[in-house]
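Have a look at the structure below before the remarks.
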Amino acid sequence: MTLNNLNFQSNYLNLNREFYDINKTTPLDEPYFISFNPTASALIELNEDSGSDPLFIELLNGTHIPKNVRPFSMCYAGHQFSHYASRLGDGRAHNLGSINGWHLQTKGSGETLYSRTADGRAALPSSIREYLMSEAMHHLGIPTTRALGIIGSKTKLLRNNIEYAAIVMRMSPSWVRFGTFEYFYYLKEHDKLKTLADYVIVESYPHLKDDEDKYFKFFTEVLEHTANLIAKWQGIGFCHGVMNTDNMSIVGLTIDYGPFSMLDDFKFGFVCNSTDKAGRYAYGEQPNVAYWNLTMFSKALSSLIDQKRMDEKLEAYGDFIYSNAYITVMREKLGLIKNLEEDQQLITSLISTLQDAYIDHTQFFRALSRYDGERIPIFELAMNPVPFDTWLDRYDARLKKESTTQSKRQEAMLQTNPKYILKNYMLKQAITLAKRGDFTMVETLLHIAQHPYDELPKYEKFAEETPEEHKNITLSCSS
Ligand code: AMP
Ligand code: MG
């Protein structure tokens with residue numbers, strides 16, 4: 001398919017006008033091409049060379065509106081840092097509709113009914129970050145929205161500095177958030193809430209459509225997807241930074257990339273969002289925050305489902321659903337196939353070992369993936385290697401209980417523990433160059449993002465420990 005004959009569907013527009021606003025996009029000045037992602041274009045059967053079609057810039061910039069498309073922005077609310085905001089919505093995003101079940105959305109395409117006092121724009125740095133990171137997360141096996149491409153412009157924005165505006169074309173199987181449900185709950189519009197639940201079930205949980213207990217099962221599945229997502233974040237060392245309920249996907253995806261970060265040295269209390277002074281969204285808090293967000297979500301569903309039943313599920317999240325998901329992730333990272341009760345202890349002691357050792361999270365697991373009893377390569381990575389001696393004794397003892405061979409274990413672990421992740425300092429370098437009109441590093445990082453487990457001799461430097469002066473970079477929501 002070419003950009004000229006994309007065929008969009010817009011089922012969301014069949015809902016009542018309170019769910020969205022139809023509004024025009026506002027094009028950027030002097031738009032230019034930055035990057036196109038053929039891996040994502042394949043999902044909508046769009047030709048892989050569409051990035052060189054002049055229509056690509058026009059589609060992202062809103063100067064080419066495909067037939068049948070009426071751009072719209074979705075309405076939602078949400079708890080931001082625990083405070084309820086009664087109306088948020090897509091303040092800078094326009095939905096074009098869906099192709100093959102993927103909803104395409106331009107982010108940064110101008111003011112909408114939901115912009116409040118903001119400008120409806122997205123700055124080049126945060127746009128490059130979202131474009132690259134969503135792709136990296138996908139290739140790391142973490143549920144996420146995707147991105148088709150990105151354009152830049154000469155439109156100036158006032159942020160901490162003057163920045164230029166960009167637009168990313170994002171793609172997701174659903175853009176509905178916990179906060180979409182909260183919007184109708186707090187307005188006491190329970191009919192509309194039911195309509196929304198039915199819409200989401202038909203679109204994203206169709207196997208529940210005719211189930212007598214569909215709303216409860218829907219809640220259960222959202223809870224399980226969320227638990228699995230957060231377990232994967234914890235396993236890879238991803239910090240979202242703004243886990244407000246409006247940034248919680250109804251299908252359990254990573255959405256709305258803002259001041260995110262991958263861990264450098266393992267640090268349970270690491271906070272990547274510089275505006276989050278209390279550390280509400282610290283790395284180690286993410287499973288608890290997800291629980292809190294699910295609790296808010298359950299409240300929003302309370303006109304459809306007996307709250308007691310949801311409370312029991314929430315209790316189960318706290319008791320075992322999350323911890324089982326997390327142990328599953330960690331067992332895979334440790335190359336353990338058997339499911340033994342002692343694994344929980346092994347993992348807990350690993351976490352405190354990592355915390356004490358001052359060790360790069362990614363490099364540690366990659367080194368462990370080649371572990372053959374020789375401890376020096378691991379010791380060499382840690383500023384304080386001492387705690388590893390005891391932990392590796394435990395790990396050796398645990399490995400003896402496995403029946404797989406060492407080489408099979410190593411092979412599996414090398415496909416689980418990435419060599420390459422995108423760290424903030426790398427993204428920062430790509431952004432600095434992009435501001436000068438050089439997008440080669442955006443392409444390099446896109447390539448790395450798509451090959452996290454491979455050996456890429458040309459890009460060895462991106463697998464090294466983060467240089468000390470670039471560790472623990474924090475960003476604000478507006479950056
Ligand atoms: P976030 O936490 O970044 O996902 O955004 C929170 C809310 O603020 C959402 O409703 C966004 O649409 C809105 N928002 C963020 N930045 C802007 C902007 N520059 N213009 C309009 N709305 C914005
Ligand atoms: Mg958001």
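Chain identifiers are assigned as A, B, and so on, following the order in which chains appear in the structure tokens; residues are numbered from 1 within each chain, and ligands are numbered from 1 in order of appearance.
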If we count only C-alpha atoms and set the cut-off at 10 Å, which residues sit around A:Asn11, ignoring sequence neighbours fewer than 2 positions away in its own chain? Please answer as a compact mmCIF listing (two decimals) with N, CA, C and O atoms, in the first residue's frame.
# COMPACT_ATOMS: atom_id res chain seq x y z
N PHE A 8 -8.44 4.28 6.26
CA PHE A 8 -8.66 4.42 7.72
C PHE A 8 -10.09 4.08 8.11
O PHE A 8 -11.03 4.38 7.37
N GLN A 9 -10.21 3.52 9.30
CA GLN A 9 -11.53 3.31 9.92
C GLN A 9 -11.58 4.11 11.21
O GLN A 9 -10.55 4.26 11.88
N LEU A 13 -15.49 7.21 16.46
CA LEU A 13 -16.40 8.32 16.12
C LEU A 13 -17.87 7.92 16.18
O LEU A 13 -18.75 8.77 16.11
N ASN A 14 -18.13 6.61 16.30
CA ASN A 14 -19.53 6.19 16.46
C ASN A 14 -20.02 6.44 17.88
O ASN A 14 -21.21 6.36 18.15
N LEU A 15 -19.08 6.72 18.77
CA LEU A 15 -19.48 7.02 20.15
C LEU A 15 -20.02 8.45 20.23
O LEU A 15 -19.83 9.25 19.32
N GLY A 97 -7.50 7.58 12.79
CA GLY A 97 -8.32 6.37 12.60
C GLY A 97 -7.41 5.16 12.63
O GLY A 97 -6.22 5.28 12.94
N SER A 98 -7.96 3.98 12.31
CA SER A 98 -7.15 2.77 12.42
C SER A 98 -7.02 2.04 11.09
O SER A 98 -7.89 2.13 10.22
N TYR A 199 -17.34 -0.71 24.28
CA TYR A 199 -16.48 -0.40 23.13
C TYR A 199 -15.10 -1.06 23.29
O TYR A 199 -14.59 -1.71 22.37
N GLU A 203 -13.43 -3.99 21.02
CA GLU A 203 -12.21 -3.70 20.26
C GLU A 203 -10.99 -4.47 20.76
O GLU A 203 -10.23 -5.01 19.97
Give me, as JSON lines, each residue of chain A that comes within 8 Å of ligand 1, together with its shortest interatomic pair and the distance in Å at one decimal, counting only C-alpha atoms and all ligand atoms, with rows ordered by chain and rising residue number.
{"residue": "A:Tyr76", "atom": "CA", "partner": "ligand 1", "partner_atom_place_in_ligand_line": "10 (O)", "distance": 7.6}
{"residue": "A:Ala77", "atom": "CA", "partner": "ligand 1", "partner_atom_place_in_ligand_line": "10 (O)", "distance": 7.8}
{"residue": "A:Gln80", "atom": "CA", "partner": "ligand 1", "partner_atom_place_in_ligand_line": "2 (O)", "distance": 7.8}
{"residue": "A:Arg87", "atom": "CA", "partner": "ligand 1", "partner_atom_place_in_ligand_line": "10 (O)", "distance": 7.9}
{"residue": "A:Leu88", "atom": "CA", "partner": "ligand 1", "partner_atom_place_in_ligand_line": "10 (O)", "distance": 4.1}
{"residue": "A:Gly89", "atom": "CA", "partner": "ligand 1", "partner_atom_place_in_ligand_line": "10 (O)", "distance": 4.4}
{"residue": "A:Asp90", "atom": "CA", "partner": "ligand 1", "partner_atom_place_in_ligand_line": "12 (O)", "distance": 4.1}
{"residue": "A:Gly91", "atom": "CA", "partner": "ligand 1", "partner_atom_place_in_ligand_line": "12 (O)", "distance": 3.4}
{"residue": "A:Arg92", "atom": "CA", "partner": "ligand 1", "partner_atom_place_in_ligand_line": "21 (C)", "distance": 4.6}
{"residue": "A:Ala93", "atom": "CA", "partner": "ligand 1", "partner_atom_place_in_ligand_line": "12 (O)", "distance": 6.7}
{"residue": "A:Gly108", "atom": "CA", "partner": "ligand 1", "partner_atom_place_in_ligand_line": "19 (N)", "distance": 7.3}
{"residue": "A:Gly110", "atom": "CA", "partner": "ligand 1", "partner_atom_place_in_ligand_line": "20 (N)", "distance": 7.5}
{"residue": "A:Glu111", "atom": "CA", "partner": "ligand 1", "partner_atom_place_in_ligand_line": "21 (C)", "distance": 6.3}
{"residue": "A:Thr112", "atom": "CA", "partner": "ligand 1", "partner_atom_place_in_ligand_line": "21 (C)", "distance": 7.5}
{"residue": "A:Tyr114", "atom": "CA", "partner": "ligand 1", "partner_atom_place_in_ligand_line": "10 (O)", "distance": 6.8}
{"residue": "A:Ser115", "atom": "CA", "partner": "ligand 1", "partner_atom_place_in_ligand_line": "21 (C)", "distance": 4.0}
{"residue": "A:Arg116", "atom": "CA", "partner": "ligand 1", "partner_atom_place_in_ligand_line": "21 (C)", "distance": 6.7}
{"residue": "A:Thr117", "atom": "CA", "partner": "ligand 1", "partner_atom_place_in_ligand_line": "21 (C)", "distance": 7.2}
{"residue": "A:Ala118", "atom": "CA", "partner": "ligand 1", "partner_atom_place_in_ligand_line": "20 (N)", "distance": 4.0}
{"residue": "A:Asp119", "atom": "CA", "partner": "ligand 1", "partner_atom_place_in_ligand_line": "20 (N)", "distance": 4.3}
{"residue": "A:Gly120", "atom": "CA", "partner": "ligand 1", "partner_atom_place_in_ligand_line": "20 (N)", "distance": 3.3}
{"residue": "A:Arg121", "atom": "CA", "partner": "ligand 1", "partner_atom_place_in_ligand_line": "19 (N)", "distance": 4.6}
{"residue": "A:Ala122", "atom": "CA", "partner": "ligand 1", "partner_atom_place_in_ligand_line": "19 (N)", "distance": 5.7}
{"residue": "A:Val242", "atom": "CA", "partner": "ligand 1", "partner_atom_place_in_ligand_line": "2 (O)", "distance": 6.1}
{"residue": "A:Asn244", "atom": "CA", "partner": "ligand 1", "partner_atom_place_in_ligand_line": "2 (O)", "distance": 7.0}
{"residue": "A:Asp246", "atom": "CA", "partner": "ligand 1", "partner_atom_place_in_ligand_line": "4 (O)", "distance": 7.0}
{"residue": "A:Asn247", "atom": "CA", "partner": "ligand 1", "partner_atom_place_in_ligand_line": "4 (O)", "distance": 5.8}
{"residue": "A:Asp256", "atom": "CA", "partner": "ligand 1", "partner_atom_place_in_ligand_line": "4 (O)", "distance": 5.0}
{"residue": "A:Tyr257", "atom": "CA", "partner": "ligand 1", "partner_atom_place_in_ligand_line": "4 (O)", "distance": 7.3}
{"residue": "A:Gly258", "atom": "CA", "partner": "ligand 1", "partner_atom_place_in_ligand_line": "3 (O)", "distance": 5.9}
{"residue": "A:Cys477", "atom": "CA", "partner": "ligand 1", "partner_atom_place_in_ligand_line": "3 (O)", "distance": 6.1}
{"residue": "A:Ser478", "atom": "CA", "partner": "ligand 1", "partner_atom_place_in_ligand_line": "16 (N)", "distance": 6.9}
Practice problem: Go ahead and compute the interatomic distance for atom CA of A:Trp391 and atom CA of A:Leu350, in Å to one decimal. | Solution: 6.6 Å
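Of the listed residues A:Ala123, A:Ser303, A:Asn161, A:Ala449, the one whose atoms come nearest to A:His190 is A:Ser303, with distances taken using only C-alpha atoms.
Counting only C-alpha atoms and all ligand atoms and comparing A:His79, A:His207, A:Arg17, A:Arg370, the residue that lies closest to ligand 2 is A:His79.
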Practice problem: Quick one: everything within 8 Å of A:Asp356, counting only C-alpha atoms, minus sequence neighbours fewer than 3 positions away in the same chain. Send it as a PyMOL selection string. | Solution: chain A and resi 352-353+384+387
Take the residues from that selection and put them in a file with N, CA and C atoms, as a PDB file, in the first residue's frame.
ATOM      1  N   SER A 352      19.185  -6.940  46.502  1.00  0.00           N
ATOM      2  CA  SER A 352      19.991  -6.194  47.477  1.00  0.00           C
ATOM      3  C   SER A 352      21.472  -6.249  47.112  1.00  0.00           C
ATOM      4  N   THR A 353      21.895  -7.322  46.457  1.00  0.00           N
ATOM      5  CA  THR A 353      23.288  -7.389  45.998  1.00  0.00           C
ATOM      6  C   THR A 353      23.556  -6.312  44.944  1.00  0.00           C
ATOM      7  N   ASN A 384      31.624  -2.197  43.893  1.00  0.00           N
ATOM      8  CA  ASN A 384      31.803  -2.965  45.120  1.00  0.00           C
ATOM      9  C   ASN A 384      31.413  -4.429  44.843  1.00  0.00           C
ATOM     10  N   PRO A 387      29.596  -8.152  47.603  1.00  0.00           N
ATOM     11  CA  PRO A 387      28.338  -8.875  47.828  1.00  0.00           C
ATOM     12  C   PRO A 387      28.069  -9.974  46.800  1.00  0.00           C
TER      13      PRO A 387
END
Nearby residues (only C-alpha atoms) at most 12 Å from A:Thr432, same-chain spacing under 4 positions excluded, as a PDB file with C-alpha atoms, in the first residue's frame:
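The result, written out as selection-v3.pdb:
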ATOM      1  CA  LEU A 124      12.026  17.924  18.936  1.00  0.00           C
ATOM      2  CA  PRO A 125      13.925  16.349  21.885  1.00  0.00           C
ATOM      3  CA  ILE A 128      12.969  11.871  19.158  1.00  0.00           C
ATOM      4  CA  ARG A 129      12.985  10.193  22.577  1.00  0.00           C
ATOM      5  CA  GLU A 163      12.978  24.459  20.945  1.00  0.00           C
ATOM      6  CA  TYR A 425      22.837  10.054  27.348  1.00  0.00           C
ATOM      7  CA  MET A 426      22.718   8.339  23.948  1.00  0.00           C
ATOM      8  CA  LEU A 427      19.344   9.885  23.196  1.00  0.00           C
ATOM      9  CA  LYS A 428      20.752  13.226  24.276  1.00  0.00           C
ATOM     10  CA  ARG A 436      22.170  20.656  13.902  1.00  0.00           C
ATOM     11  CA  GLY A 437      20.324  18.891  11.118  1.00  0.00           C
ATOM     12  CA  ASP A 438      22.272  15.630  11.420  1.00  0.00           C
ATOM     13  CA  PHE A 439      19.940  12.664  11.839  1.00  0.00           C
ATOM     14  CA  THR A 440      22.499   9.899  11.387  1.00  0.00           C
ATOM     15  CA  MET A 441      22.510   9.081  15.074  1.00  0.00           C
ATOM     16  CA  VAL A 442      18.721   8.845  15.133  1.00  0.00           C
TER      17      VAL A 442
END
Exercise. Skip A:Pro38 itself and residues of its chain fewer than 5 positions away, then list as a VMD selection string all residues within 10 Å of it, counting only C-alpha atoms.
Key: chain A and resid 43 45 to 51 147 to 149
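Put simply, atom CA of A:Phe365 is 23.9 Å away from atom CA of A:Tyr281.
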Exercise. Would you list the contacts of A:Leu223 as a list in words, taking every protein, DNA or RNA residue within 9 Å and counting only C-alpha atoms, but skipping same-chain residues closer than 4 positions in sequence?
Key: Phe218, Phe219, Ala227, Asn228, Gly252, Ala290, Tyr291, Leu294, Lys313, Leu314, Tyr317 and Ile321 of chain A
